[in-house]
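Right, one structure below, let's go through it.
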Amino acid sequence: MGFYTYSCEEIRSKTMPNKTLINQLLHVKNIVIDSYKYCAEDDRFTISVHPTKGQQCLCPVCQKKCSYYDSLETRKWRSLDMGYTKVFLEAPVHRIECPVHGVLTEYVPWARHHSSFTRDFENTAAWMALYLPKTAVSTYMRIAWNTIGPIISRYRKDADPCPEHRFNGLKHIGIDET
């Protein structure tokens, strides 16, 4: 990943590749930015994206190529804020048919399965939940407090997919009395 430096003149003259800058700020691989718009009324920045060819039509569980099943609908995912502006990614998403897992919504590289938040958003919320009460996290992230639990569950499943194997090969364990 390279670094891009733009002068104020380049920014003012609009020669700076805005989609490249947005892609760097999102920090998501395997996506194509189609368009973006800012709505001043509700201070919302919406970025229309789609996965790269190699990331399309994948099962969200096993990430194997599948066939399209039906329905193409546009979905939105909340991303990390830029300052005080809420950022959303929107993309057309198909339902796919996986021979192993059945009919599911296709995999997207920026979000976990069954989530309406981006991975970075969920990672940040889960990290904050280690140190703060859920109400503080929800206030800071500007989401409902009852979404913090499912975010933590998805993060944990992603970070530790087989918790039962965590202690395989453990020979000794020390317990401190304090």
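Chain labels follow the order of the structure tokens: the first chain is A, the next B, and so on; residue numbering restarts at 1 in every chain, and ligands are counted from 1 in their shown order.
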Can you tell me, as a PDB file with N, CA and C atoms, in the first residue's frame, what residues are no more than 10 Å from Arg78 (chain A) when counting only C-alpha atoms, ignoring any on the same chain fewer than 4 positions away?
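Saved as out.pdb:
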ATOM      1  N   THR A  46     -22.418   8.839   1.951  1.00  0.00           N
ATOM      2  CA  THR A  46     -22.744   7.501   1.464  1.00  0.00           C
ATOM      3  C   THR A  46     -21.846   7.166   0.281  1.00  0.00           C
ATOM      4  N   LYS A  86     -21.552  10.784   9.719  1.00  0.00           N
ATOM      5  CA  LYS A  86     -21.787   9.344   9.630  1.00  0.00           C
ATOM      6  C   LYS A  86     -21.460   8.886   8.213  1.00  0.00           C
ATOM      7  N   VAL A  87     -20.793   7.739   8.114  1.00  0.00           N
ATOM      8  CA  VAL A  87     -20.395   7.185   6.819  1.00  0.00           C
ATOM      9  C   VAL A  87     -21.098   5.846   6.617  1.00  0.00           C
ATOM     10  N   PHE A  88     -21.645   5.661   5.420  1.00  0.00           N
ATOM     11  CA  PHE A  88     -22.327   4.417   5.072  1.00  0.00           C
ATOM     12  C   PHE A  88     -21.767   3.884   3.764  1.00  0.00           C
ATOM     13  N   LEU A  89     -21.650   2.567   3.674  1.00  0.00           N
ATOM     14  CA  LEU A  89     -21.349   1.910   2.409  1.00  0.00           C
ATOM     15  C   LEU A  89     -22.641   1.300   1.918  1.00  0.00           C
ATOM     16  N   GLU A  90     -22.917   1.433   0.632  1.00  0.00           N
ATOM     17  CA  GLU A  90     -24.087   0.772   0.060  1.00  0.00           C
ATOM     18  C   GLU A  90     -23.645  -0.011  -1.163  1.00  0.00           C
ATOM     19  N   ALA A 111     -17.732  -6.416   5.433  1.00  0.00           N
ATOM     20  CA  ALA A 111     -18.597  -6.665   6.591  1.00  0.00           C
ATOM     21  C   ALA A 111     -18.703  -8.153   6.888  1.00  0.00           C
ATOM     22  N   SER A 115     -24.422  -8.761   9.443  1.00  0.00           N
ATOM     23  CA  SER A 115     -24.121  -7.482  10.076  1.00  0.00           C
ATOM     24  C   SER A 115     -24.559  -6.320   9.201  1.00  0.00           C
ATOM     25  N   SER A 116     -24.925  -5.229   9.844  1.00  0.00           N
ATOM     26  CA  SER A 116     -25.221  -3.993   9.117  1.00  0.00           C
ATOM     27  C   SER A 116     -24.152  -2.937   9.418  1.00  0.00           C
ATOM     28  N   PHE A 117     -22.986  -3.406   9.884  1.00  0.00           N
ATOM     29  CA  PHE A 117     -21.843  -2.543  10.173  1.00  0.00           C
ATOM     30  C   PHE A 117     -20.619  -3.092   9.443  1.00  0.00           C
ATOM     31  N   THR A 118     -19.668  -2.218   9.131  1.00  0.00           N
ATOM     32  CA  THR A 118     -18.429  -2.684   8.505  1.00  0.00           C
ATOM     33  C   THR A 118     -17.553  -3.371   9.553  1.00  0.00           C
ATOM     34  N   ARG A 119     -16.575  -4.144   9.083  1.00  0.00           N
ATOM     35  CA  ARG A 119     -15.649  -4.828   9.995  1.00  0.00           C
ATOM     36  C   ARG A 119     -14.912  -3.836  10.887  1.00  0.00           C
ATOM     37  N   ASP A 120     -14.417  -2.743  10.301  1.00  0.00           N
ATOM     38  CA  ASP A 120     -13.692  -1.754  11.098  1.00  0.00           C
ATOM     39  C   ASP A 120     -14.580  -1.160  12.182  1.00  0.00           C
ATOM     40  N   PHE A 121     -15.833  -0.898  11.851  1.00  0.00           N
ATOM     41  CA  PHE A 121     -16.777  -0.362  12.832  1.00  0.00           C
ATOM     42  C   PHE A 121     -16.956  -1.363  13.970  1.00  0.00           C
ATOM     43  N   GLU A 122     -17.198  -2.627  13.621  1.00  0.00           N
ATOM     44  CA  GLU A 122     -17.407  -3.655  14.649  1.00  0.00           C
ATOM     45  C   GLU A 122     -16.140  -3.898  15.464  1.00  0.00           C
ATOM     46  N   ILE A 143     -25.005   4.348  18.110  1.00  0.00           N
ATOM     47  CA  ILE A 143     -25.838   3.201  17.755  1.00  0.00           C
ATOM     48  C   ILE A 143     -26.640   2.791  18.981  1.00  0.00           C
TER      49      ILE A 143
END
Can you list every residue of region 121-163 of chain A that has an atom at most 12 Å from region 51-73 of chain A, with its nearest atom pair and the distance in Å to one decimal, using only C-alpha atoms, ordered by chain then number, as a tab-separated table?
residue	atom	partner	partner_atom	distance
A:Lys157	CA	A:Val61	CA	11.7
A:Asp158	CA	A:Val61	CA	10.9
A:Pro161	CA	A:Val61	CA	11.6
**Report entry** Which of chain A fall in strand (DSSP E), as a PyMOL selection string
**Finding:** chain A and resi 31-39+44-51+67-82+85-98+102-105
Would you write out those residues with C-alpha atoms, as a compact mmCIF listing (two decimals), in the first residue's frame?
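Contents of again-v8.txt, freshly written:
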# COMPACT_ATOMS: atom_id res chain seq x y z
CA ILE A 31 -13.79 -3.19 -3.43
CA VAL A 32 -14.55 -0.82 -6.26
CA ILE A 33 -15.99 2.60 -5.46
CA ASP A 34 -18.76 3.48 -7.91
CA SER A 35 -19.89 6.84 -6.54
CA TYR A 36 -20.26 8.86 -3.36
CA LYS A 37 -22.55 11.58 -2.09
CA TYR A 38 -22.81 13.85 0.91
CA CYS A 39 -26.17 14.80 2.40
CA ARG A 44 -24.28 11.65 6.06
CA PHE A 45 -21.63 10.49 3.58
CA THR A 46 -22.74 7.50 1.46
CA ILE A 47 -20.29 5.56 -0.67
CA SER A 48 -21.64 3.21 -3.34
CA VAL A 49 -19.33 0.22 -3.77
CA HIS A 50 -19.22 -3.30 -5.13
CA PRO A 51 -16.78 -6.19 -4.58
CA SER A 67 -24.29 -19.55 -8.22
CA TYR A 68 -26.72 -16.66 -7.94
CA TYR A 69 -30.06 -17.68 -6.46
CA ASP A 70 -32.27 -14.60 -6.80
CA SER A 71 -32.92 -11.01 -5.73
CA LEU A 72 -30.50 -8.20 -6.14
CA GLU A 73 -31.12 -5.61 -3.47
CA THR A 74 -29.15 -2.62 -2.28
CA ARG A 75 -27.99 -2.86 1.32
CA LYS A 76 -26.27 -0.35 3.60
CA TRP A 77 -23.57 -0.82 6.22
CA ARG A 78 -22.54 1.76 8.78
CA SER A 79 -18.83 2.53 8.67
CA LEU A 80 -16.59 4.48 11.02
CA ASP A 81 -17.44 8.16 11.19
CA MET A 82 -15.30 10.81 9.53
CA THR A 85 -20.17 12.79 9.74
CA LYS A 86 -21.79 9.34 9.63
CA VAL A 87 -20.40 7.18 6.82
CA PHE A 88 -22.33 4.42 5.07
CA LEU A 89 -21.35 1.91 2.41
CA GLU A 90 -24.09 0.77 0.06
CA ALA A 91 -23.90 -2.04 -2.45
CA PRO A 92 -26.11 -4.30 -4.56
CA VAL A 93 -26.13 -7.75 -2.94
CA HIS A 94 -27.42 -11.02 -4.39
CA ARG A 95 -28.65 -14.09 -2.63
CA ILE A 96 -26.49 -17.07 -3.56
CA GLU A 97 -26.94 -20.81 -3.32
CA CYS A 98 -24.09 -22.68 -1.67
CA GLY A 102 -27.87 -23.32 1.29
CA VAL A 103 -29.33 -19.99 0.23
CA LEU A 104 -27.56 -17.01 1.82
CA THR A 105 -26.73 -13.39 1.14
Report task. Would you list, as a list of chain:residue names, the residues of region 31-146 of chain A that end up in alpha helix (DSSP H) under DSSP run on this structure's backbone? Result ->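 The alpha helix (DSSP H) subset of region 31-146 of chain A is A:Arg119, A:Asp120, A:Phe121, A:Glu122, A:Asn123, A:Thr124, A:Ala125, A:Ala126, A:Trp127, A:Met128, A:Ala129, A:Leu130, A:Tyr131, A:Lys134, A:Thr135, A:Ala136, A:Val137, A:Ser138, A:Thr139, A:Tyr140, A:Met141.
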Query raised in the report: Just how far from CA of Asn18 (chain A) is CA of His113 (chain A), in Å to one decimal?
Result: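 According to the coordinates, CA of His113 (chain A) and CA of Asn18 (chain A) are separated by 28.7 Å.
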